[in-house]
Every structure is written in C-alpha cells, then in structure tokens.
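Structure file entry.cif (mmCIF, C-alpha atoms) is printed below.
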```
data_entry
loop_
_atom_site.label_atom_id
_atom_site.label_comp_id
_atom_site.auth_asym_id
_atom_site.auth_seq_id
_atom_site.Cartn_x
_atom_site.Cartn_y
_atom_site.Cartn_z
CA MET U 8 56.57 -39.71 -17.82
CA SER U 9 55.64 -38.48 -21.26
CA ASP U 10 52.63 -40.29 -22.67
CA TRP U 11 54.25 -40.92 -26.00
CA LEU U 12 57.64 -42.28 -24.88
CA GLY U 13 56.51 -45.84 -25.49
CA MET U 14 56.57 -45.02 -29.19
CA SER U 15 60.34 -44.58 -29.06
CA ALA U 16 60.83 -48.35 -28.99
CA PRO U 17 61.14 -49.80 -32.48
CA PRO U 18 57.99 -51.64 -33.58
CA ARG U 19 58.24 -55.42 -33.90
CA ALA U 20 55.61 -57.55 -35.56
CA PRO U 21 54.66 -60.41 -33.24
CA ARG U 22 54.30 -63.95 -34.61
CA PRO U 23 51.18 -63.95 -36.84
CA GLU U 24 49.60 -66.91 -35.03
CA LEU U 25 49.64 -64.93 -31.80
CA LYS U 26 46.80 -62.71 -32.98
CA ALA U 27 44.23 -65.50 -32.97
CA GLN U 28 45.36 -66.62 -29.50
CA VAL U 29 45.15 -63.11 -28.06
CA LEU U 30 41.73 -62.40 -29.55
CA ALA U 31 40.40 -65.78 -28.42
CA ARG U 32 41.64 -65.14 -24.89
CA ALA U 33 40.04 -61.68 -24.79
CA SER U 34 36.81 -63.03 -26.22
CA GLN U 35 36.64 -65.91 -23.73
CA ARG U 36 37.03 -63.59 -20.78
CA ARG U 37 34.31 -61.38 -22.15
CA SER U 38 31.84 -64.24 -22.66
CA GLY U 39 32.73 -65.50 -19.19
CA ARG U 40 31.81 -62.12 -17.82
CA ARG U 41 28.61 -61.97 -19.84
CA SER U 42 27.40 -65.20 -18.34
CA GLY U 43 27.88 -63.78 -14.84
CA PRO U 44 24.62 -61.80 -14.69
CA TRP U 45 22.64 -64.74 -16.13
CA LEU U 46 24.02 -67.06 -13.48
CA ALA U 47 23.20 -64.50 -10.82
CA ALA U 48 19.66 -64.12 -12.21
CA ALA U 49 19.18 -67.89 -12.23
CA ALA U 50 20.41 -68.09 -8.65
CA VAL U 51 17.98 -65.39 -7.56
CA LEU U 52 15.12 -67.17 -9.37
CA LEU U 53 15.92 -70.44 -7.65
CA LEU U 54 16.10 -68.69 -4.32
CA VAL U 55 12.68 -67.08 -4.82
CA ALA U 56 11.06 -70.31 -6.13
CA GLY U 57 12.51 -72.34 -3.28
CA GLY U 58 11.45 -69.76 -0.76
CA GLY U 59 7.81 -70.89 -0.74
CA GLY U 60 4.85 -68.70 0.24
CA ALA U 61 4.80 -65.12 1.30
CA SER U 62 4.02 -65.82 4.97
CA TRP U 63 6.88 -68.22 5.21
CA ALA U 64 9.07 -65.66 3.49
CA TYR U 65 7.93 -63.05 6.00
CA ARG U 66 8.91 -65.27 8.93
CA ARG U 67 12.16 -66.02 7.26
CA LEU U 68 12.86 -62.38 6.59
CA GLY U 69 14.88 -61.87 9.73
CA VAL U 70 16.96 -64.94 9.03
CA LEU U 71 17.50 -63.94 5.42
CA GLU U 72 18.57 -60.46 6.46
CA GLY U 73 21.26 -62.05 8.57
CA ASP U 74 22.24 -64.33 5.73
CA ARG U 75 22.35 -61.39 3.38
CA ALA U 76 24.68 -59.46 5.65
CA ARG U 77 26.90 -62.52 5.95
CA LEU U 78 26.92 -63.06 2.18
CA VAL U 79 27.71 -59.43 1.53
CA ALA U 80 30.64 -59.71 3.91
CA GLU U 81 31.77 -62.94 2.26
CA LEU U 82 31.38 -61.44 -1.20
CA GLN U 83 33.39 -58.43 -0.10
CA ALA U 84 36.11 -60.75 1.17
CA ALA U 85 35.99 -62.82 -2.02
CA ARG U 86 36.23 -59.69 -4.18
CA ASP U 87 39.11 -58.51 -2.09
CA SER U 88 40.86 -61.86 -2.56
CA LEU U 89 40.04 -61.85 -6.28
CA SER U 90 41.56 -58.41 -6.66
CA TYR U 91 44.91 -60.00 -5.83
CA LEU U 92 44.47 -62.30 -8.81
CA VAL U 93 43.15 -59.88 -11.42
CA GLY U 94 44.72 -56.60 -10.31
CA THR U 95 47.27 -55.14 -12.67
CA THR U 96 49.58 -54.43 -9.75
CA SER U 97 49.39 -57.86 -8.19
CA ARG U 98 51.63 -60.86 -8.65
CA VAL U 99 51.54 -64.43 -7.49
CA ILE U 100 54.52 -66.25 -6.05
CA GLN U 101 54.27 -69.93 -5.20
CA ILE U 102 56.95 -71.42 -2.98
CA PRO U 103 57.13 -75.21 -2.55
CA VAL U 104 58.10 -76.07 1.03
CA SER U 105 58.89 -79.22 2.92
CA THR U 106 58.12 -79.47 6.65
CA ASN U 107 58.76 -82.64 8.63
CA GLY U 108 58.97 -84.57 5.39
CA ARG U 109 55.64 -83.25 4.17
CA VAL U 110 55.53 -81.36 0.86
CA GLY U 111 53.35 -78.26 0.83
CA ALA U 112 53.29 -74.76 -0.58
CA VAL U 113 53.13 -71.16 0.48
CA THR U 114 51.44 -68.94 -2.07
CA ILE U 115 51.85 -65.18 -1.83
CA PHE U 116 49.51 -62.87 -3.70
CA ALA U 117 51.28 -59.51 -3.52
CA ASP U 118 49.42 -56.32 -4.40
CA SER U 119 51.94 -53.50 -4.72
CA SER U 120 49.28 -50.77 -5.05
CA LYS U 121 47.45 -51.71 -1.84
CA HIS U 122 50.70 -52.64 -0.12
CA ARG U 123 49.16 -55.88 1.02
CA TRP U 124 49.90 -59.55 0.73
CA LEU U 125 47.49 -62.43 0.83
CA VAL U 126 49.31 -65.54 2.00
CA ARG U 127 47.98 -69.08 1.70
CA CYS U 128 49.78 -71.93 3.45
CA GLU U 129 48.81 -75.48 2.64
CA GLY U 130 50.32 -78.85 3.25
CA LEU U 131 52.47 -77.55 6.10
CA ALA U 132 53.07 -79.95 8.96
CA PRO U 133 51.24 -78.93 12.17
CA ASN U 134 53.54 -77.15 14.61
CA ALA U 135 55.02 -78.96 17.57
CA ARG U 136 53.78 -77.82 20.99
CA GLY U 137 55.04 -74.32 21.83
CA GLN U 138 56.07 -73.56 18.25
CA ALA U 139 54.60 -71.59 15.36
CA TYR U 140 55.50 -70.63 11.81
CA GLN U 141 56.61 -67.02 11.50
CA LEU U 142 56.61 -65.14 8.20
CA TRP U 143 59.21 -62.40 7.62
CA PHE U 144 59.55 -59.49 5.23
CA LEU U 145 63.14 -59.13 4.02
CA THR U 146 63.54 -55.40 3.48
CA ASP U 147 66.41 -53.15 2.52
CA LYS U 148 66.46 -52.08 6.16
CA GLY U 149 66.54 -55.55 7.64
CA VAL U 150 64.20 -58.37 8.57
CA ARG U 151 60.67 -57.46 9.73
CA SER U 152 58.16 -59.82 11.28
CA ALA U 153 55.10 -60.15 9.04
CA ALA U 154 52.94 -62.66 10.90
CA VAL U 155 53.02 -65.50 13.40
CA MET U 156 50.95 -68.51 12.33
CA ALA U 157 50.37 -71.24 14.84
CA MET U 158 49.17 -74.28 12.88
CA ASP U 159 47.72 -76.96 15.11
CA THR U 160 46.08 -78.86 12.26
CA ASP U 161 46.98 -79.39 8.64
CA THR U 162 44.05 -77.26 7.47
CA PRO U 163 45.17 -74.66 4.90
CA MET U 164 45.54 -71.18 6.33
CA VAL U 165 44.94 -67.87 4.55
CA LEU U 166 45.86 -64.49 5.95
CA ALA U 167 46.12 -60.93 4.68
CA LEU U 168 49.12 -58.84 5.64
CA ASP U 169 49.92 -55.16 5.37
CA MET U 170 53.38 -54.53 3.99
CA PRO U 171 55.68 -52.28 6.06
CA ARG U 172 54.33 -48.74 5.99
CA ASP U 173 57.66 -46.99 6.47
CA SER U 174 60.10 -46.25 3.68
CA SER U 175 61.66 -49.71 3.70
CA ARG U 176 61.44 -51.71 0.48
CA VAL U 177 60.41 -55.34 0.62
CA MET U 178 62.99 -57.38 -1.27
CA GLY U 179 62.00 -60.87 -0.21
CA ALA U 180 60.19 -63.08 2.22
CA ALA U 181 61.09 -65.91 4.53
CA MET U 182 59.40 -68.31 6.92
CA SER U 183 60.91 -69.96 9.94
CA VAL U 184 59.78 -72.08 12.87
CA GLU U 185 59.80 -69.99 16.03
CA VAL U 186 58.46 -70.04 19.57
CA ARG U 187 54.66 -69.84 19.86
CA GLN U 188 54.50 -66.12 20.63
CA GLY U 189 56.89 -65.24 17.77
CA SER U 190 60.45 -63.93 17.75
CA ALA U 191 61.89 -60.49 17.13
CA GLU U 192 64.22 -61.95 14.53
CA PRO U 193 64.51 -65.37 12.84
CA LYS U 194 66.19 -67.85 15.17
CA GLY U 195 64.59 -71.18 14.35
CA PRO U 196 64.92 -73.46 11.33
CA MET U 197 64.14 -71.77 8.02
CA VAL U 198 61.18 -73.14 6.02
CA PHE U 199 61.94 -71.01 2.97
CA GLN U 200 63.71 -67.84 1.96
CA LEU U 201 62.86 -66.03 -1.23
CA ASN U 202 64.29 -62.99 -2.98
CA LEU U 203 61.67 -61.14 -4.98
CA MET W 20 36.41 -46.16 -30.32
CA ARG W 21 32.65 -46.54 -30.26
CA ARG W 22 32.92 -50.04 -31.74
CA LEU W 23 35.56 -50.98 -29.19
CA LYS W 24 33.47 -49.69 -26.32
CA SER W 25 30.50 -51.70 -27.54
CA HIS W 26 32.85 -54.74 -27.57
CA ASP W 27 32.82 -55.33 -31.29
CA GLU W 28 35.35 -58.16 -31.66
CA LEU W 29 36.24 -57.11 -35.21
CA ALA W 30 37.27 -53.72 -33.82
CA LEU W 31 39.57 -55.49 -31.36
CA GLY W 32 41.17 -57.30 -34.29
CA GLU W 33 41.70 -53.99 -36.06
CA LEU W 34 43.15 -52.45 -32.91
CA TYR W 35 45.53 -55.39 -32.63
CA GLU W 36 46.72 -54.86 -36.20
CA LEU W 37 47.45 -51.20 -35.49
CA TYR W 38 48.99 -51.40 -32.04
CA ALA W 39 50.44 -54.90 -31.66
CA PRO W 40 53.82 -54.04 -33.28
CA TRP W 41 54.21 -51.09 -30.91
CA VAL W 42 53.11 -52.97 -27.81
CA PHE W 43 55.34 -55.92 -28.69
CA GLY W 44 58.24 -53.61 -29.59
CA LEU W 45 57.96 -51.76 -26.29
CA ALA W 46 57.69 -54.97 -24.26
CA LEU W 47 60.66 -56.42 -26.12
CA ARG W 48 62.70 -53.28 -25.56
CA ILE W 49 62.04 -53.49 -21.82
CA LEU W 50 62.28 -57.25 -21.39
CA GLN W 51 64.71 -58.31 -24.14
CA ASP W 52 62.90 -61.66 -24.20
CA GLU W 53 60.44 -62.61 -26.95
CA GLY W 54 58.50 -65.14 -24.86
CA GLU W 55 57.89 -62.71 -22.06
CA ALA W 56 57.10 -59.91 -24.50
CA GLU W 57 54.45 -62.14 -26.11
CA GLU W 58 52.94 -62.75 -22.70
CA VAL W 59 52.81 -59.01 -22.08
CA LEU W 60 51.26 -58.46 -25.52
CA SER W 61 48.49 -60.92 -24.73
CA ASP W 62 47.86 -59.46 -21.26
CA VAL W 63 47.72 -55.94 -22.65
CA PHE W 64 45.03 -56.66 -25.23
CA VAL W 65 42.95 -58.62 -22.73
CA GLN W 66 43.22 -55.72 -20.30
CA VAL W 67 42.41 -53.15 -22.97
CA TRP W 68 39.38 -55.21 -24.00
CA ASP W 69 38.19 -55.57 -20.41
CA HIS W 70 38.73 -51.94 -19.45
CA ILE W 71 38.16 -50.06 -22.68
CA GLY W 72 35.21 -48.34 -20.98
CA GLN W 73 37.65 -46.66 -18.61
CA HIS W 74 39.51 -44.86 -21.38
CA ASP W 75 38.40 -41.25 -21.55
CA ALA W 76 39.14 -39.84 -25.01
CA ARG W 77 38.90 -36.30 -23.60
CA ARG W 78 41.95 -36.99 -21.44
CA GLY W 79 44.12 -38.25 -24.26
CA PRO W 80 44.45 -40.50 -27.30
CA LEU W 81 44.23 -44.26 -27.12
CA ALA W 82 47.82 -45.13 -28.09
CA PRO W 83 49.54 -43.65 -25.01
CA TRP W 84 46.93 -45.35 -22.79
CA VAL W 85 47.57 -48.72 -24.39
CA LEU W 86 51.35 -48.21 -24.28
CA SER W 87 51.23 -47.22 -20.62
CA ILE W 88 49.46 -50.51 -19.86
CA ALA W 89 52.14 -52.33 -21.86
CA ARG W 90 54.94 -50.55 -20.04
CA ASN W 91 53.46 -51.30 -16.62
CA ARG W 92 52.96 -54.95 -17.49
CA ALA W 93 56.47 -55.29 -18.86
CA LEU W 94 58.04 -53.56 -15.87
CA ASP W 95 56.06 -55.79 -13.50
CA MET W 96 57.42 -58.80 -15.32
CA LEU W 97 60.93 -57.37 -15.34
CA ARG W 98 60.83 -56.90 -11.58
CA ARG W 99 59.61 -60.34 -10.78
CA ARG W 100 61.95 -62.10 -13.08
CA ARG W 101 64.08 -64.52 -11.17
CA ARG W 102 66.77 -64.54 -13.83
CA TRP W 103 67.09 -60.81 -13.49
CA TRP W 104 70.82 -60.41 -13.27
CA ARG W 105 71.61 -62.74 -16.14
CA LYS W 106 69.19 -60.99 -18.43
CA ALA W 107 70.16 -57.53 -17.15
CA GLU W 108 73.61 -58.15 -18.51
CA ARG W 109 72.14 -59.03 -21.89
CA TRP W 110 69.91 -55.97 -21.72
CA GLU W 111 72.88 -53.78 -20.92
CA ARG W 112 74.80 -55.15 -23.90
CA ALA W 113 71.82 -54.59 -26.18
CA ARG W 114 71.28 -51.09 -24.82
CA THR W 115 74.93 -50.21 -25.37
CA ALA W 116 74.65 -51.49 -28.92
CA GLU W 117 71.51 -49.41 -29.42
CA ALA W 118 72.90 -46.25 -27.84
CA GLY W 119 74.36 -44.86 -31.03
CA ASP W 120 71.53 -46.21 -33.08
CA GLU W 121 68.58 -44.24 -31.82
CA LEU W 122 68.03 -42.31 -35.00
CA ALA W 123 69.13 -44.98 -37.41
CA ALA W 124 67.43 -45.26 -40.76
CA PRO W 125 64.24 -47.26 -40.45
CA ASN W 126 64.03 -50.84 -41.51
CA PRO W 127 61.72 -50.73 -44.56
CA ALA W 128 59.42 -53.29 -42.94
CA GLU W 129 59.21 -51.22 -39.76
CA ALA W 130 58.58 -47.99 -41.63
CA ALA W 131 55.43 -49.48 -43.11
CA VAL W 132 53.93 -50.01 -39.65
CA PRO W 133 51.02 -47.67 -38.86
CA GLY W 134 52.17 -45.01 -36.43
CA TRP W 135 55.72 -44.82 -37.80
CA PRO W 136 55.63 -40.97 -38.10
CA VAL W 137 54.80 -40.77 -34.39
CA HIS W 138 57.78 -43.02 -33.64
CA GLN W 139 60.00 -40.62 -35.56
CA GLU W 140 58.52 -37.61 -33.76
CA VAL W 141 59.23 -39.21 -30.37
CA HIS W 142 62.80 -40.01 -31.42
CA ARG W 143 63.34 -36.46 -32.57
CA ALA W 144 62.04 -35.16 -29.25
CA LEU W 145 64.32 -37.55 -27.33
CA ALA W 146 67.31 -36.74 -29.52
CA ALA W 147 66.79 -33.03 -28.85
CA LEU W 148 67.35 -33.62 -25.12
CA PRO W 149 70.85 -33.22 -23.71
CA GLU W 150 72.49 -36.61 -23.13
CA GLU W 151 72.24 -36.43 -19.32
CA GLN W 152 68.50 -35.71 -19.49
CA ARG W 153 67.85 -38.40 -22.09
CA ARG W 154 69.68 -40.97 -19.97
CA VAL W 155 67.55 -40.34 -16.86
CA VAL W 156 64.38 -40.44 -18.96
CA LEU W 157 65.32 -43.79 -20.50
CA LEU W 158 66.30 -45.28 -17.14
CA ALA W 159 63.00 -44.16 -15.62
CA TYR W 160 60.83 -45.20 -18.54
CA PHE W 161 62.36 -48.44 -19.79
CA GLU W 162 63.79 -49.80 -16.57
CA GLY W 163 61.16 -48.35 -14.24
CA LEU W 164 63.86 -47.10 -11.86
CA THR W 165 62.92 -44.75 -9.04
CA HIS W 166 64.64 -41.39 -8.68
CA SER W 167 66.90 -42.80 -5.95
CA GLU W 168 67.82 -45.81 -8.05
CA ILE W 169 68.68 -43.56 -11.00
CA ALA W 170 70.82 -41.43 -8.70
CA ARG W 171 72.71 -44.53 -7.55
CA ARG W 172 73.05 -45.89 -11.08
CA THR W 173 74.34 -42.62 -12.56
CA GLY W 174 76.29 -41.46 -9.52
CA GLN W 175 74.40 -38.17 -9.56
CA PRO W 176 72.82 -36.43 -6.54
CA LEU W 177 69.11 -37.18 -6.11
CA GLY W 178 68.17 -33.52 -6.55
CA THR W 179 70.02 -33.38 -9.87
CA VAL W 180 68.18 -36.46 -11.11
CA LYS W 181 64.81 -35.00 -10.15
CA THR W 182 65.62 -31.69 -11.80
CA ARG W 183 66.80 -33.37 -15.00
CA LEU W 184 63.69 -35.53 -15.17
CA ARG W 185 61.39 -32.58 -14.56
CA ILE W 186 63.07 -30.47 -17.24
CA ALA W 187 63.12 -33.41 -19.67
CA GLN W 188 59.45 -34.15 -19.11
CA THR W 189 58.51 -30.53 -19.73
CA LYS W 190 60.54 -30.48 -22.95
CA LEU W 191 59.06 -33.76 -24.15
CA ALA W 192 55.53 -32.67 -23.35
CA GLU W 193 56.06 -29.44 -25.31
CA ALA W 194 57.70 -31.20 -28.24
CA LEU W 195 55.00 -33.86 -28.47
CA GLN W 196 51.90 -31.88 -27.64
CA HIS W 197 50.87 -31.74 -31.29
CA VAL W 198 51.13 -35.53 -31.74
CA LYS W 199 47.81 -37.18 -32.46
CA ASP W 200 46.77 -40.79 -32.40
CA TRP W 201 46.93 -42.49 -35.79
CA MET W 202 43.83 -44.53 -35.18
CA ALA W 203 40.86 -42.95 -36.89
#
```

Step by step, read the file and then write its structure as structure tokens.
Amino acid sequence: MSDWLGMSAPPRAPRPELKAQVLARASQRRSGRRSGPWLAAAAVLLLVAGGGGASWAYRRLGVLEGDRARLVAELQAARDSLSYLVGTTSRVIQIPVSTNGRVGAVTIFADSSKHRWLVRCEGLAPNARGQAYQLWFLTDKGVRSAAVMAMDTDTPMVLALDMPRDSSRVMGAAMSVEVRQGSAEPKGPMVFQLNL
Amino acid sequence: MRRLKSHDELALGELYELYAPWVFGLALRILQDEGEAEEVLSDVFVQVWDHIGQHDARRGPLAPWVLSIARNRALDMLRRRRRWWRKAERWERARTAEAGDELAAPNPAEAAVPGWPVHQEVHRALAALPEEQRRVVLLAYFEGLTHSEIARRTGQPLGTVKTRLRIAQTKLAEALQHVKDWMA
C-alpha cells in the first residue's frame, strides 16, 4: 500500500492535554528501560561479591554453568512470553469463567505475526476424574482442537499454542469440559465461547 | 532525526506537534471513535520513541513510517473491537457522507496544519484514480480488508481486485514519488 496514503485522512488536532500524557508515557518507558542495565549490573556485582574466593568459585564453576544454561533458557522463555505483551501484532483477551461455582479467568495473548497464542488459565476448578478442559479454535472452516488441559490442582496453567497452519482463519475460541484424552469436537459443557 | 535518535525529549515534543494531527486524523478515520483514536495516538508515539533507531532514513521519510504504525495500530484495534458491527454501521454512514467530499475545500484550521500540501497531493493522486480502483484502495487501506474480503464486499472476482489494487498502487507510487517529508 502506498506509503503516503495515510495522509489522505483529514488532520484532526487531538485534545491539547493529551500531549503531556503521551510524552510522559513515552518518557517513563524510556527511563524504565534505562534503569534496566543498572539493575543488571548491580545484580552481577552482588553475584560476584557473594561468590566468595576464587577457589570456591572454581569449584562452583560447573554448578554455575548449569545455572547459567537454565537461566538463559528461562530468560528466553520470559522474553518469548513478554513479546506477547509488547509486540505490535499481539493482543490480550481476558475471559472471566466460572467452573463449579469458582470464578477464574482465561487470558489469551494472541500474536498474529507468529501465529501463536499464549494461554493462561487461573482459578479454574480442578477437573473431575477422567475429565479435562479442552480449548478450541473457532475457524471459518469449523472447530479445531487447540489443546487438552487436564487440571488436577488449582495451580494456574500456562501453555503456548500454534494457531492452525492451513488457510483457515481463527474467528474465536472456546473451552469445554471433555473426556481426559480430548474429543474430536466439543461435546461436553461449555466453559466459555468467544468471538474475536 | 539525530535528536530523536539520541532520545532528546524536546525533539519528541516537536515531532508530536508536527505529526499528531495526522496520526489522530488517520486513527479517527479508521476507527470513527475519538477515545480509541486517542489510545492509538498515544501508542504510536510511545512506539516511535522506543523504536526510532529502527527507522532508516535511506529507505524513506519519517512521516509514512509513523503513519504506517498508526494505521497498523488502528486496524488492530478495529479488528478486536467487540462492538464492531454497531460501529461499522456508523462508519459506513460516515464514509458515505464523506464519499463526495474527498476534495472539499479545506477547513481553515486544518489547512494551517504542517503537512497540509502533502495531504492535498495525496488527495489529488487518489482522485486521479478511476472510481473502482480508488474503492479497492480505500477498503484495503482504511479497513485493512484482505483481497478476498474486498472481492466479497464489492462482488468482484478476486483476480479483478488484485489487478485493480496493483494498478492503483503503481499509479499512486508514480504520482507521489516526488513527495518529501515536511519535517526538516
């Protein structure tokens, strides 16, 4: 699309007080970012100071290498999760749900550029024996199973999902209670249904 | 640009003065809702401020880059809007009202906005397109419709829509190639 087409819309001056709010918001984010390296440097300093002598550090090297690999993996995962929040192509949808009289929420972080969803379920009642929650994509070509989530405790659950790779367009999502191994199509009671 | 890239906050204020009416106008044109357009305006300047280092002046002026961010943000919001159908009706009414008004005389307050000559150039380029090409361009740009959706909306074959868009884009690119950013 032509780069300049946006200029065809008539200009409209926003409310004057908006300028200060916008600039303050931009500035806050920037200062928040600036403090990042300092915090990281302080953390490294504390780590080194707390590490003790060189011989101890040498003995601990193997352990730290393992820790480092784990932290890198965790950081990678955290960055991946964060990309759902800050990405320009991502959106957040929170769906309040009620299961067995308990009020909880399913939060979907949808990234349209990566074609992935990050789904967080919290406050859902644990499944009865032999049952599981099943998440569905509602597409223009029908209902597709997205994931089967057996919840035996009330611990929040987070999972990443790939959206359908074929040409179907995801138009909504739903969750139902199904048999433990999952169903080919929704048969059990619906927890929520959402049109995007 | 240098001041922006070195995160001079005064430069951001100046950029806001120059581009905010255009960003807000574009968001409002797409969303037809002042509250949502203000949200887009805020998001756009935060994003520009965060990612100004990614703008490559050799690849194009700043204004189209900023407006493309605004358009993407506004279209994202349009798509996720739950009250879509109710507002779509309002949008349709507004669009119909605007249809014959594309080259109307400028409001004196609008004409004083920096960048107004570029606005006129873009309108001239759009007005020079045949109606059927202009319609597919506007549906693609302001509603973010895919080729297939445009084909369904206009009742035209998909191939015709693609051809019209391609021809229209070529014509617009030629007509606007001389346009320069108004920010010094």

Return as an mmCIF file with C-alpha atoms, keeping the file's coordinate frame the set of residues that the PyMOL selection byres ((chain W) within 8 of (chain U)) yields on the displayed structure.
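Dumped everything to part-v4.cif:
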```cif
data_model
loop_
_atom_site.group_PDB
_atom_site.id
_atom_site.type_symbol
_atom_site.label_atom_id
_atom_site.label_comp_id
_atom_site.auth_asym_id
_atom_site.auth_seq_id
_atom_site.Cartn_x
_atom_site.Cartn_y
_atom_site.Cartn_z
ATOM 1 C CA GLU W 28 35.350 -58.160 -31.660
ATOM 2 C CA LEU W 31 39.570 -55.490 -31.360
ATOM 3 C CA GLY W 32 41.170 -57.300 -34.290
ATOM 4 C CA TYR W 35 45.530 -55.390 -32.630
ATOM 5 C CA ALA W 39 50.440 -54.900 -31.660
ATOM 6 C CA PRO W 40 53.820 -54.040 -33.280
ATOM 7 C CA TRP W 41 54.210 -51.090 -30.910
ATOM 8 C CA VAL W 42 53.110 -52.970 -27.810
ATOM 9 C CA PHE W 43 55.340 -55.920 -28.690
ATOM 10 C CA GLY W 44 58.240 -53.610 -29.590
ATOM 11 C CA LEU W 45 57.960 -51.760 -26.290
ATOM 12 C CA ARG W 48 62.700 -53.280 -25.560
ATOM 13 C CA GLU W 57 54.450 -62.140 -26.110
ATOM 14 C CA SER W 61 48.490 -60.920 -24.730
ATOM 15 C CA PHE W 64 45.030 -56.660 -25.230
ATOM 16 C CA VAL W 65 42.950 -58.620 -22.730
ATOM 17 C CA TRP W 68 39.380 -55.210 -24.000
ATOM 18 C CA ASP W 69 38.190 -55.570 -20.410
ATOM 19 C CA ALA W 82 47.820 -45.130 -28.090
ATOM 20 C CA PRO W 83 49.540 -43.650 -25.010
ATOM 21 C CA TRP W 84 46.930 -45.350 -22.790
ATOM 22 C CA LEU W 86 51.350 -48.210 -24.280
ATOM 23 C CA SER W 87 51.230 -47.220 -20.620
ATOM 24 C CA ARG W 90 54.940 -50.550 -20.040
ATOM 25 C CA ARG W 92 52.960 -54.950 -17.490
ATOM 26 C CA ASP W 95 56.060 -55.790 -13.500
ATOM 27 C CA ARG W 98 60.830 -56.900 -11.580
ATOM 28 C CA ARG W 99 59.610 -60.340 -10.780
ATOM 29 C CA ARG W 101 64.080 -64.520 -11.170
ATOM 30 C CA GLU W 129 59.210 -51.220 -39.760
ATOM 31 C CA VAL W 132 53.930 -50.010 -39.650
ATOM 32 C CA VAL W 137 54.800 -40.770 -34.390
ATOM 33 C CA HIS W 138 57.780 -43.020 -33.640
ATOM 34 C CA GLN W 139 60.000 -40.620 -35.560
ATOM 35 C CA VAL W 141 59.230 -39.210 -30.370
ATOM 36 C CA HIS W 142 62.800 -40.010 -31.420
ATOM 37 C CA VAL W 156 64.380 -40.440 -18.960
ATOM 38 C CA TYR W 160 60.830 -45.200 -18.540
ATOM 39 C CA GLN W 188 59.450 -34.150 -19.110
ATOM 40 C CA LEU W 191 59.060 -33.760 -24.150
ATOM 41 C CA ALA W 192 55.530 -32.670 -23.350
ATOM 42 C CA LEU W 195 55.000 -33.860 -28.470
#
```

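When all atoms listed in the file are used to compute distances to Glu150 in chain W, the closest of the residues W:Arg21, W:Arg183, W:His197, W:His26 turns out to be W:Arg183.
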
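Picked out by the PyMOL selection byres ((chain U and resi 137) around 9) when it runs on this file: Asn134, Ala135, Arg136, Gln138, Ala139, Ala157, Glu185, Val186, Arg187 and Gln188 of chain U.
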
- Leaving out Val155 in chain W and any residue of its chain fewer than 2 positions from it, which residues lie within 8 Å of it when counting all atoms listed in the file, given as number ranges by chain? W: 151-153, 157-159, 169, 180, 183-184

- Message: I'd like to see the residues matched by the PyMOL selection byres ((chain U and resi 104) around 12) on this file, and ideally I'd get them as number ranges by chain.
- Response: U: 101-103, 105-114, 128-132, 181-183, 197-201

- Message: Set the distance at 9 Å and use all atoms listed in the file: which residues neighbour Ala170 in chain W once local chain neighbours fewer than 5 positions away are removed? I'd like the list as a list of chain:residue names.
- Response: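 Answer for this query is W:Val155, W:Thr165, W:Gln175, W:Pro176, W:Leu177, W:Gly178, W:Thr179, W:Val180, W:Lys181.
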
- Task: Would you work out the distance separating CA of Ser174 in chain U from CA of Leu145 in chain U, expressed in Å to one decimal?
- Result: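 According to the coordinates, CA of Ser174 in chain U and CA of Leu145 in chain U are separated by 13.2 Å.
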
- Query: So how many Å separate CA of Arg22 in chain W and CA of Pro80 in chain W, to one decimal?
  - Reply: 15.6 Å

- One-decimal distance in Å that lies between CA of Asp173 in chain U and CA of Asp147 in chain U: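 CA of Asp147 in chain U sits 11.4 Å away from CA of Asp173 in chain U.
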
- Message: For a quick check of understanding, using only C-alpha atoms, which of U:Val70, U:Ala48, U:Val155, U:Arg75 has the smallest distance to Glu192 in chain U?
- Response: U:Val155

- Item | Selection: 10 Å around Glu55 in chain W, all atoms listed in the file, excl. self and same-chain fewer than 2 positions, as a list of chain:residue names |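 In the requested form, the answer reads W:Phe43, W:Ala46, W:Leu47, W:Leu50, W:Gln51, W:Asp52, W:Glu53, W:Glu57, W:Glu58, W:Val59, W:Leu60, W:Ser61, W:Ala93, W:Met96, W:Leu97, W:Arg100.
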
Return as AutoDock Vina command-line options the box centre and box size in Å, one decimal, for an axis-aligned box around all listed atoms of range 135-148 of chain U padded by 3 Å per side.
```
--center_x 60.1 --center_y -65.5 --center_z 12.2 --size_x 18.7 --size_y 32.9 --size_z 25.3
```
